[in-house]
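Chemist: Have a look at this one before I ask anything.
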Amino acid sequence: LQDSGNTTTLSHYLTLLGSAGLLSGIEKYSGSVGRQRSSSPKFVVHNTALMSSSDTELFSGIRKHPDKWGRYVESAVGAHLLDGHMKGYYRLFYWRKGNMEVDFVLVRGDKILALEVKSGSADDRSGLAAFRNEYPHSTVMLVGDRGTGYTLYLEIHLNYAQGGKYMAIKVSNYMSRQVISINQDMGIREAFFLMKEHAIRHLPIVDERKQLIGI
């Protein structure tokens with residue numbers, strides 16, 4: 001694979017797959033253009049149907065396997081980002097240094113946005129921390145259940161693609177106005193079913209004056 005002929009052939013195949021709207025390779029982010037071009041590409045599908053069409057497992061079954069579900073979620077976000085890259089909104093990369101890795105890096109002018117996609121209960125931010133240490137002027141974001149929600153991520157992505165600063169997005173666009181709360185005397189079982197009924201993961205605990213005393 002290291003021979004020049006093989007490298008050229010693989011590059012040609014990858015170009016054909018990209019032109020067909022199936023699969024593309026994104027370069028590793030580096031401050032050096034030469035290093036980026038010589039790096040091994042990270043494959044990103046244009047549409048997750050390329051993965052699911054050959055998968056015999058049902059959606060409900062995939063959801064039960066965190067690792068597999070994580071790959072699908074990351075691929076879905078990657079396909080969305082790749083679309084923006086192909087439209088010229090930004091340049092798309094990944095980043096890796098030793099055992100540290102960041103799923104996606106978006107570069108637009110002098111702005112650098114690093115995204116790590118985590119589904120389920122995973123909350124490892126070491127890759128983002130290492131990237132921020134390497135590039136102090138960058139912005140980092142954890143996307144998923146334990147970070148920025150997918151709906152907010154979509155708006156941030158659109159804002160970033162148009163050259164804006166996502167920090168200007170107001171939290172009032174996403175906050176819950178009808179807050180469900182409980183008092184400290186409520187039983188655990190009752191609180192559990194209340195959370196299940198309303199599909200929420202947190203319950204504010206208030207006192208008799210409706211003042212927040214815990215979550």
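Residues are named by chain letter and number: chains run A, B, ... in the order of the structure tokens, numbers start at 1 in each chain, and ligands are numbered from 1 in the order shown.
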Neighbouring residues of Gln184 in chain A were defined as those with any atom within 10 Å, considering only C-alpha atoms; residues of the same chain fewer than 3 positions away were excluded. Please report them as number ranges by chain.
Modeler: A: 181, 187-188, 204-208, 213-215
Chemist: With only C-alpha atoms as the counted atoms, please give the residues lying no more than 12 Å from Asp83 in chain A, apart from itself and same-chain residues fewer than 6 positions off, as number ranges by chain.
Modeler: A: 18, 21-24, 44-47, 76-77, 89-92, 157-158, 161
Chemist: Any chance you could export the current selection's C-alpha atoms as a PDB file, in the first residue's frame?
Modeler:
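Saved file part_15.pdb follows:
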```pdb
ATOM      1  CA  GLY A  18     -16.746  10.133  -4.007  1.00  0.00           C
ATOM      2  CA  GLY A  21     -21.842   9.900  -3.903  1.00  0.00           C
ATOM      3  CA  LEU A  22     -20.917   6.819  -1.890  1.00  0.00           C
ATOM      4  CA  LEU A  23     -17.740   7.379   0.121  1.00  0.00           C
ATOM      5  CA  SER A  24     -15.098  10.066   0.584  1.00  0.00           C
ATOM      6  CA  VAL A  44     -16.940   9.063   5.579  1.00  0.00           C
ATOM      7  CA  VAL A  45     -20.098   7.825   3.868  1.00  0.00           C
ATOM      8  CA  HIS A  46     -22.243  10.314   1.962  1.00  0.00           C
ATOM      9  CA  ASN A  47     -25.371   8.547   3.162  1.00  0.00           C
ATOM     10  CA  ALA A  76     -24.806  10.363  10.233  1.00  0.00           C
ATOM     11  CA  VAL A  77     -23.124  13.493  11.604  1.00  0.00           C
ATOM     12  CA  TYR A  89     -19.009  26.093   3.493  1.00  0.00           C
ATOM     13  CA  TYR A  90     -15.790  24.963   5.204  1.00  0.00           C
ATOM     14  CA  ARG A  91     -12.992  22.399   4.938  1.00  0.00           C
ATOM     15  CA  LEU A  92     -13.529  19.137   6.788  1.00  0.00           C
ATOM     16  CA  HIS A 157     -23.628  23.992  12.041  1.00  0.00           C
ATOM     17  CA  LEU A 158     -25.793  26.188   9.801  1.00  0.00           C
ATOM     18  CA  ALA A 161     -21.350  27.362   7.685  1.00  0.00           C
TER      19      ALA A 161
END
```
Chemist: So which one's closest to Lys64 in chain A, A:Ser126, A:Ser138, A:Gln211, A:Ser119? Using only C-alpha atoms, please.
Modeler: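 Ranking A:Ser126, A:Ser138, A:Gln211, A:Ser119 by distance to Lys64 in chain A, first place goes to A:Ser119.
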Chemist: From a backbone DSSP assignment, name each residue in range 36-110 of chain A labelled strand (DSSP E), as an MDAnalysis selection string.
Modeler: chainID A and resid 42:45 91:97 100:108
Chemist: Might you pull out every residue within 10 Å of Gly109 in chain A, with only C-alpha atoms counted and same-chain residues fewer than 2 positions away left off, and present them as a list in words?
Modeler: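 What passes the distance filter is Tyr90, Arg91, Leu106, Val107, Lys111, Ile112 and Gly163 of chain A.
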Chemist: Filtering to N, CA, C and O atoms, could you give me those residues as a PDB file, in the first residue's frame?
Modeler:
```
ATOM      1  N   TYR A  90     -16.983  25.082   4.372  1.00  0.00           N
ATOM      2  CA  TYR A  90     -15.790  24.963   5.204  1.00  0.00           C
ATOM      3  C   TYR A  90     -14.975  23.788   4.684  1.00  0.00           C
ATOM      4  O   TYR A  90     -15.433  23.060   3.786  1.00  0.00           O
ATOM      5  N   ARG A  91     -13.788  23.583   5.251  1.00  0.00           N
ATOM      6  CA  ARG A  91     -12.992  22.399   4.938  1.00  0.00           C
ATOM      7  C   ARG A  91     -13.128  21.422   6.102  1.00  0.00           C
ATOM      8  O   ARG A  91     -13.122  21.826   7.263  1.00  0.00           O
ATOM      9  N   LEU A 106     -13.669  21.332  11.588  1.00  0.00           N
ATOM     10  CA  LEU A 106     -14.157  22.234  10.558  1.00  0.00           C
ATOM     11  C   LEU A 106     -13.276  23.477  10.542  1.00  0.00           C
ATOM     12  O   LEU A 106     -13.024  24.072  11.587  1.00  0.00           O
ATOM     13  N   VAL A 107     -12.833  23.866   9.363  1.00  0.00           N
ATOM     14  CA  VAL A 107     -11.971  25.035   9.229  1.00  0.00           C
ATOM     15  C   VAL A 107     -12.603  25.991   8.218  1.00  0.00           C
ATOM     16  O   VAL A 107     -12.887  25.616   7.075  1.00  0.00           O
ATOM     17  N   LYS A 111     -11.102  30.347  11.586  1.00  0.00           N
ATOM     18  CA  LYS A 111     -11.923  29.687  12.609  1.00  0.00           C
ATOM     19  C   LYS A 111     -11.730  28.182  12.548  1.00  0.00           C
ATOM     20  O   LYS A 111     -11.754  27.575  11.475  1.00  0.00           O
ATOM     21  N   ILE A 112     -11.540  27.572  13.695  1.00  0.00           N
ATOM     22  CA  ILE A 112     -11.373  26.121  13.791  1.00  0.00           C
ATOM     23  C   ILE A 112     -12.383  25.590  14.813  1.00  0.00           C
ATOM     24  O   ILE A 112     -12.401  26.045  15.962  1.00  0.00           O
ATOM     25  N   GLY A 163     -20.754  31.504   8.219  1.00  0.00           N
ATOM     26  CA  GLY A 163     -19.744  32.445   8.659  1.00  0.00           C
ATOM     27  C   GLY A 163     -20.061  33.176   9.938  1.00  0.00           C
ATOM     28  O   GLY A 163     -19.356  34.101  10.333  1.00  0.00           O
TER      29      GLY A 163
END
```
Chemist: Kindly indicate which residue among A:Phe59, A:Tyr135, A:Tyr13, A:Tyr29 lies nearest to Phe104 in chain A, using only C-alpha atoms for the distances.
Modeler: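 Counting only C-alpha atoms, the residue closest to Phe104 in chain A is A:Tyr29.
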Chemist: Can you work out the spacing between CA of Gly127 in chain A and CA of Asp103 in chain A in Å, to one decimal?
Modeler: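 One can read the CA of Gly127 in chain A to CA of Asp103 in chain A distance as 8.9 Å.
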Chemist: Find the residues near range 140-144 of chain A: any atom within 6 Å, counting only C-alpha atoms, skip ones fewer than 6 places away on the same chain, and give them as a PyMOL selection string.
Modeler: chain A and resi 113-119
Chemist: Just write the chosen residues, C-alpha atoms, as a CSV table (one decimal), in the first residue's frame.
Modeler:
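New file again.csv:
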```
chain,number,residue,atom,x,y,z
A,113,LEU,CA,-14.2,24.1,15.3
A,114,ALA,CA,-13.5,20.6,16.6
A,115,LEU,CA,-16.4,18.2,17.0
A,116,GLU,CA,-16.5,14.9,19.0
A,117,VAL,CA,-19.6,12.8,18.6
A,118,LYS,CA,-20.7,10.7,21.6
A,119,SER,CA,-23.9,8.7,21.9
```
Chemist: So which bits of range 24-122 of chain A end up alpha helix (DSSP H) when you DSSP the backbone, as number ranges by chain?
Modeler: A: 33-38, 49-52, 59-63, 66-86
